[in-house]
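Contents: one structure, followed by commentary.
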Amino acid sequence: MRNFLCITIAFIYCNSALAQLTRFEKSKGLETATYEETIAFYKTLAGKSKLIAVQHKGATDAGYPLPIVLVNADGTHNPAQWRRENKIIIFINNGIHPGEPDGIDASMMLVRDIVTGKVNLPQNIALAFIPIYNIGGSLNRNSTTRVNQNGPTEYGFRGNAQNLDLNRDFTKSDSKNAKSFAQIFHWLQPDLFIDNHVSDGADYQHTMTLITTQYEKLGHISGNYLRNIFEPKIYSAMKQKNWDIIPYVEFDGANFDKGITMFNETPRYSSGYAALFGTLSFIPETHMLKPYKERVQSTYDLLKSFIEVASSEQKHIKTIRQQATYERMKQDSFALKFVPDYSKNSEITFKGYQQDSTLSYATGLQKMFYNRNKPYSRQVKFYNYFKSQNFVKKPKAYVIPSGWYEVIERLSLNGVKMQSLQNDSVIKVQVYHIADYKSYPKPYEKHHINYATEITKTTDSLRFQKGDKIIYLNQVANRYLIEMLEPTGDDSFFAWNFFDAILQQKEGYSDYRWEDIAAEVLKKEPELQTALNKKKQEDPAFSSNSGAILRYIYIHSPYYEKAHLRYPVYRVE
């Protein structure tokens, strides 16, 4: 009897610990947990339940290690074993913008409800949560910076400890957070990725909107499955939970003749990054003006819906992912740009509020507002088909000199298989030269992005040193490699200034000295003399500009440095 009583007391104590309330629940949906409260909450659960493990994976800019919470019904917390058991791995990221904390609180409640048995976690599902990704921003709590948002009472700040927007950092990886994230992502190799956010913009009736990875970006096999099967099932599951969700709303004012266009998530964003590796990716965006309690509950129900649908679709997802990986490895060319195809569209039922106007107390002038007393529902065109552009043929391999170690480091973090040259070697390669480009005049996330890049191509046999890297494109990371190493890519390493040193000429000449040497060059190279004469005849302004003439001779002579404007990633065809 005494033993039975002790067991009963222990059981009650354990359930009491597991059923702990979050700060969100204690405040009746008005407050969000601090970073310290969030981590303590998960550690308490992990101490009481074998279903959960809390691990630290890498560093962050804030000086704190990045925690990850692993949840699995059979109590194993090894992603390699999960994959051997054919489990669907769902990776959930919270607090990338800590002023948008809906996912932080929803995930805490979901994990607790799983371990207490309130929510069933199927045997074929394994979950991984980053409780709060932007730790620095979470520690920087305030109640004013999210001026458009309806709660909670306090929240974190968008910028991290370097004041970086971490949802623009997934390819350039300026932050320690992003480098740790890449390691976690490739350790997990998730089938699904979910990054919880809160929207900004127009007012409407829907609480939850959803960004889904562009179908075309995933390729034919995964894209069609996502468009036609998986995504509709998510919408249906949320409908059954009384949430009428729609795609993320980006439209031109109230002109619904133009419709709504699917969000273009390039690889700088979390879902665009995950798509490079074939992961089905989503960014939930709750509506900023809805009460915080409703936003968290809708996020909670959406996460449950992902678990339910993924479990029912487990065999299909695994098969599709395997086929898509094979397709990506054998693919001959890759598109670097995707633009909306306005010749095709779907239709959605959009529930909004009519725009109205009134006198502004702040300005004394007329202002626009959404009149909640005038709700409406109408069919709206949704442009969710994209055209693929800027195709690049896959090379047999890339060669990167070891001096570009910042790029090599990021490739390594993303699971790229590289080989080091064992000896100094001469290799025949295709060489890019930067013919033209533009740069942002103002800084953007620590960079002045290069864009509208134009290149010329030549073939040459170049000498590479022992230790330089050769990367063969017969690997899972093919799409990532093309996206990052081709200079015309929107979020390539060239776009993010990693190769800007080649844009600056390092050596030059004095005109008075070069005059005599230039004359000797022309005497030795009659073809150059002929080309110069032709240019003078065709361009009168050039023919009367001695400096331009000397420059022309210089850049076409052996004295001109070969590294200037020569892109230092070489293609082996």
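Labeling convention for the structure tokens: chains A, B, ... as they appear, residues from 1 per chain, ligands from 1 in order of appearance.
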Q: Identify all residues of segment 260-345 of chain A in strand (DSSP E) (DSSP on the backbone) and supply them as a list in words.
A: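 Taking segment 260-345 of chain A and keeping strand (DSSP E) gives Ile260, Thr261, Leu280, Ser281, Phe282, Ile283, Pro284, Glu285, Thr286, Ser333, Phe334, Ala335, Leu336, Lys337, Phe338, Val339 and Pro340 of chain A.
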Those residues you just picked out, can you put them in a file as a JSON list (two decimals), in the first residue's frame with C-alpha atoms?
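Resulting contents of part23.json:
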[["chain", "number", "residue", "atom", "x", "y", "z"],
["A", 260, "ILE", "CA", -2.40, 38.60, -55.28],
["A", 261, "THR", "CA", 1.04, 37.35, -56.28],
["A", 280, "LEU", "CA", 9.22, 21.44, -48.32],
["A", 281, "SER", "CA", 9.25, 24.84, -46.62],
["A", 282, "PHE", "CA", 6.67, 27.18, -45.15],
["A", 283, "ILE", "CA", 6.52, 30.56, -43.44],
["A", 284, "PRO", "CA", 3.31, 31.02, -41.43],
["A", 285, "GLU", "CA", 2.41, 34.70, -41.12],
["A", 286, "THR", "CA", -0.27, 35.48, -38.55],
["A", 333, "SER", "CA", 20.74, 23.08, -66.09],
["A", 334, "PHE", "CA", 19.30, 25.21, -63.32],
["A", 335, "ALA", "CA", 17.22, 28.39, -63.34],
["A", 336, "LEU", "CA", 18.59, 31.26, -61.26],
["A", 337, "LYS", "CA", 15.54, 33.50, -61.56],
["A", 338, "PHE", "CA", 11.83, 32.94, -61.11],
["A", 339, "VAL", "CA", 9.24, 35.53, -62.13],
["A", 340, "PRO", "CA", 5.44, 35.42, -61.85]]
Q: List the neighbours of Pro152 of chain A out to 8 Å using only C-alpha atoms; skip same-chain residues closer than 2 positions along the sequence, and give me the result as a ChimeraX atom specification.
A: /A:29-32,150,154-155,292
Restrict the selected residues to C-alpha atoms and save them as a short mmCIF file (atom, residue, chain, number, x, y, z; two decimals), in the first residue's frame.
data_model
loop_
_atom_site.label_atom_id
_atom_site.label_comp_id
_atom_site.auth_asym_id
_atom_site.auth_seq_id
_atom_site.Cartn_x
_atom_site.Cartn_y
_atom_site.Cartn_z
CA GLY A 29 -2.89 35.37 -23.81
CA LEU A 30 -1.40 38.82 -23.25
CA GLU A 31 2.29 38.09 -22.66
CA THR A 32 5.10 36.09 -24.24
CA ASN A 150 -1.67 44.04 -31.50
CA GLU A 154 6.40 43.09 -24.41
CA TYR A 155 8.49 41.38 -27.05
CA TYR A 292 -2.26 37.84 -29.61
#
Q | Lys330 of chain A surroundings by only C-alpha atoms, 8 Å radius, close-in-sequence under 3 positions cut, as a PyMOL selection string | A | chain A and resi 326-327+474
Next, dump the selected residues to file, keeping only C-alpha atoms, as a short mmCIF file (atom, residue, chain, number, x, y, z; two decimals), in the first residue's frame.
data_model
loop_
_atom_site.label_atom_id
_atom_site.label_comp_id
_atom_site.auth_asym_id
_atom_site.auth_seq_id
_atom_site.Cartn_x
_atom_site.Cartn_y
_atom_site.Cartn_z
CA TYR A 326 17.93 12.00 -57.72
CA GLU A 327 16.40 14.48 -60.18
CA ASN A 474 27.25 15.03 -58.66
#
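Nearest-residue note for Lys233 of chain A: choosing from A:Ser175, A:Ser439, A:Gln205, A:Ser311, the minimum distance belongs to A:Ser311, counting only C-alpha atoms.
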Q: For Thr453 of chain A, work out the shell of residues within 7 Å, counting only C-alpha atoms and skipping chain neighbours fewer than 3 positions away, then give it as a PyMOL selection string.
A: chain A and resi 436-438+488
Q.
Need the shell around Asn94 of chain A: protein/DNA/RNA residues with any atom at most 10 Å away, counting only C-alpha atoms. Skip same-chain ones fewer than 4 positions apart. Format as a PyMOL selection string?
A. chain A and resi 98+100-107+129-134+194-197
Please produce a file of those selected residues containing N, CA, C and O atoms, as a CSV table (one decimal), in the first residue's frame.
chain,number,residue,atom,x,y,z
A,98,PRO,N,12.1,38.3,-33.0
A,98,PRO,CA,11.5,38.1,-31.7
A,98,PRO,C,10.4,39.0,-31.3
A,98,PRO,O,9.6,38.7,-30.4
A,100,GLU,N,8.0,39.0,-33.2
A,100,GLU,CA,6.9,38.2,-33.7
A,100,GLU,C,6.9,36.8,-33.0
A,100,GLU,O,7.3,35.8,-33.6
A,101,PRO,N,6.5,36.8,-31.7
A,101,PRO,CA,6.8,35.6,-30.9
A,101,PRO,C,5.7,34.5,-30.9
A,101,PRO,O,5.8,33.6,-30.1
A,102,ASP,N,4.8,34.6,-31.8
A,102,ASP,CA,3.7,33.7,-31.8
A,102,ASP,C,4.1,32.2,-31.8
A,102,ASP,O,3.6,31.4,-31.0
A,103,GLY,N,5.1,31.9,-32.6
A,103,GLY,CA,5.6,30.5,-32.6
A,103,GLY,C,6.3,30.1,-31.4
A,103,GLY,O,6.3,28.9,-31.0
A,104,ILE,N,6.9,31.0,-30.7
A,104,ILE,CA,7.6,30.7,-29.4
A,104,ILE,C,6.7,30.1,-28.4
A,104,ILE,O,6.9,29.1,-27.8
A,105,ASP,N,5.5,30.8,-28.2
A,105,ASP,CA,4.6,30.4,-27.2
A,105,ASP,C,3.8,29.2,-27.7
A,105,ASP,O,3.5,28.3,-26.9
A,106,ALA,N,3.4,29.1,-29.0
A,106,ALA,CA,2.7,28.0,-29.5
A,106,ALA,C,3.5,26.7,-29.4
A,106,ALA,O,3.0,25.7,-29.1
A,107,SER,N,4.8,26.8,-29.7
A,107,SER,CA,5.6,25.6,-29.6
A,107,SER,C,5.8,25.1,-28.2
A,107,SER,O,5.8,23.9,-28.0
A,129,PHE,N,12.8,21.7,-32.7
A,129,PHE,CA,12.5,23.1,-32.5
A,129,PHE,C,13.7,23.9,-32.2
A,129,PHE,O,14.5,23.5,-31.3
A,130,ILE,N,13.9,25.0,-32.8
A,130,ILE,CA,14.7,26.1,-32.3
A,130,ILE,C,13.8,27.0,-31.5
A,130,ILE,O,13.0,27.7,-32.0
A,131,PRO,N,13.9,27.0,-30.1
A,131,PRO,CA,13.0,27.7,-29.3
A,131,PRO,C,12.9,29.2,-29.6
A,131,PRO,O,11.9,29.8,-29.8
A,132,ILE,N,14.1,29.8,-29.7
A,132,ILE,CA,14.3,31.2,-30.1
A,132,ILE,C,15.6,31.3,-30.8
A,132,ILE,O,16.7,31.2,-30.3
A,133,TYR,N,15.5,31.6,-32.1
A,133,TYR,CA,16.7,31.6,-33.0
A,133,TYR,C,17.5,32.9,-32.7
A,133,TYR,O,18.7,32.9,-32.6
A,134,ASN,N,16.8,34.0,-32.7
A,134,ASN,CA,17.5,35.3,-32.5
A,134,ASN,C,17.5,35.7,-31.0
A,134,ASN,O,16.7,36.4,-30.5
A,194,ILE,N,9.5,24.8,-41.1
A,194,ILE,CA,8.4,25.8,-40.8
A,194,ILE,C,9.1,26.9,-40.0
A,194,ILE,O,9.7,26.7,-38.9
A,195,ASP,N,9.0,28.2,-40.5
A,195,ASP,CA,9.6,29.3,-39.8
A,195,ASP,C,8.5,30.3,-39.4
A,195,ASP,O,7.9,30.9,-40.3
A,196,ASN,N,8.1,30.4,-38.1
A,196,ASN,CA,7.0,31.1,-37.7
A,196,ASN,C,7.2,32.6,-37.6
A,196,ASN,O,8.2,33.1,-37.1
A,197,HIS,N,6.2,33.4,-38.2
A,197,HIS,CA,6.3,34.9,-38.3
A,197,HIS,C,5.0,35.5,-38.0
A,197,HIS,O,4.0,34.8,-37.9
Q: Would you list the contacts of Tyr398 of chain A as an MDAnalysis selection string, taking every protein, DNA or RNA residue within 12 Å and counting only C-alpha atoms, but skipping same-chain residues closer than 4 positions in sequence?
A: chainID A and resid 394 408 416:420 427:432 468:474 478 481:482 484:486 567:573
Q: For Val115 of chain A, work out the shell of residues within 10 Å, counting only C-alpha atoms and skipping chain neighbours fewer than 4 positions away, then give it as a PyMOL selection string.
A: chain A and resi 15+18-19+45-46+48-52+71-73+110-111+119-121
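Each of A:Lys396, A:Lys176, A:Lys26, A:Lys344 was checked against Gly58 of chain A using only C-alpha atoms; the smallest atom-to-atom distance is that of A:Lys176.
Distances to Gln355 of chain A were evaluated for A:Ala128, A:Asn497, A:Ala452, A:Tyr204 using only C-alpha atoms, and the minimum falls at A:Tyr204.
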(Q) Using Å and a single decimal, report how far atom CA of Val198 of chain A sits from atom CA of His287 of chain A. (A) 6.0 Å
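Proximity ranking of A:Phe493, A:Ser298, A:Gln505, A:Gln323 relative to Trp404 of chain A places A:Phe493 first, based on only C-alpha atoms.
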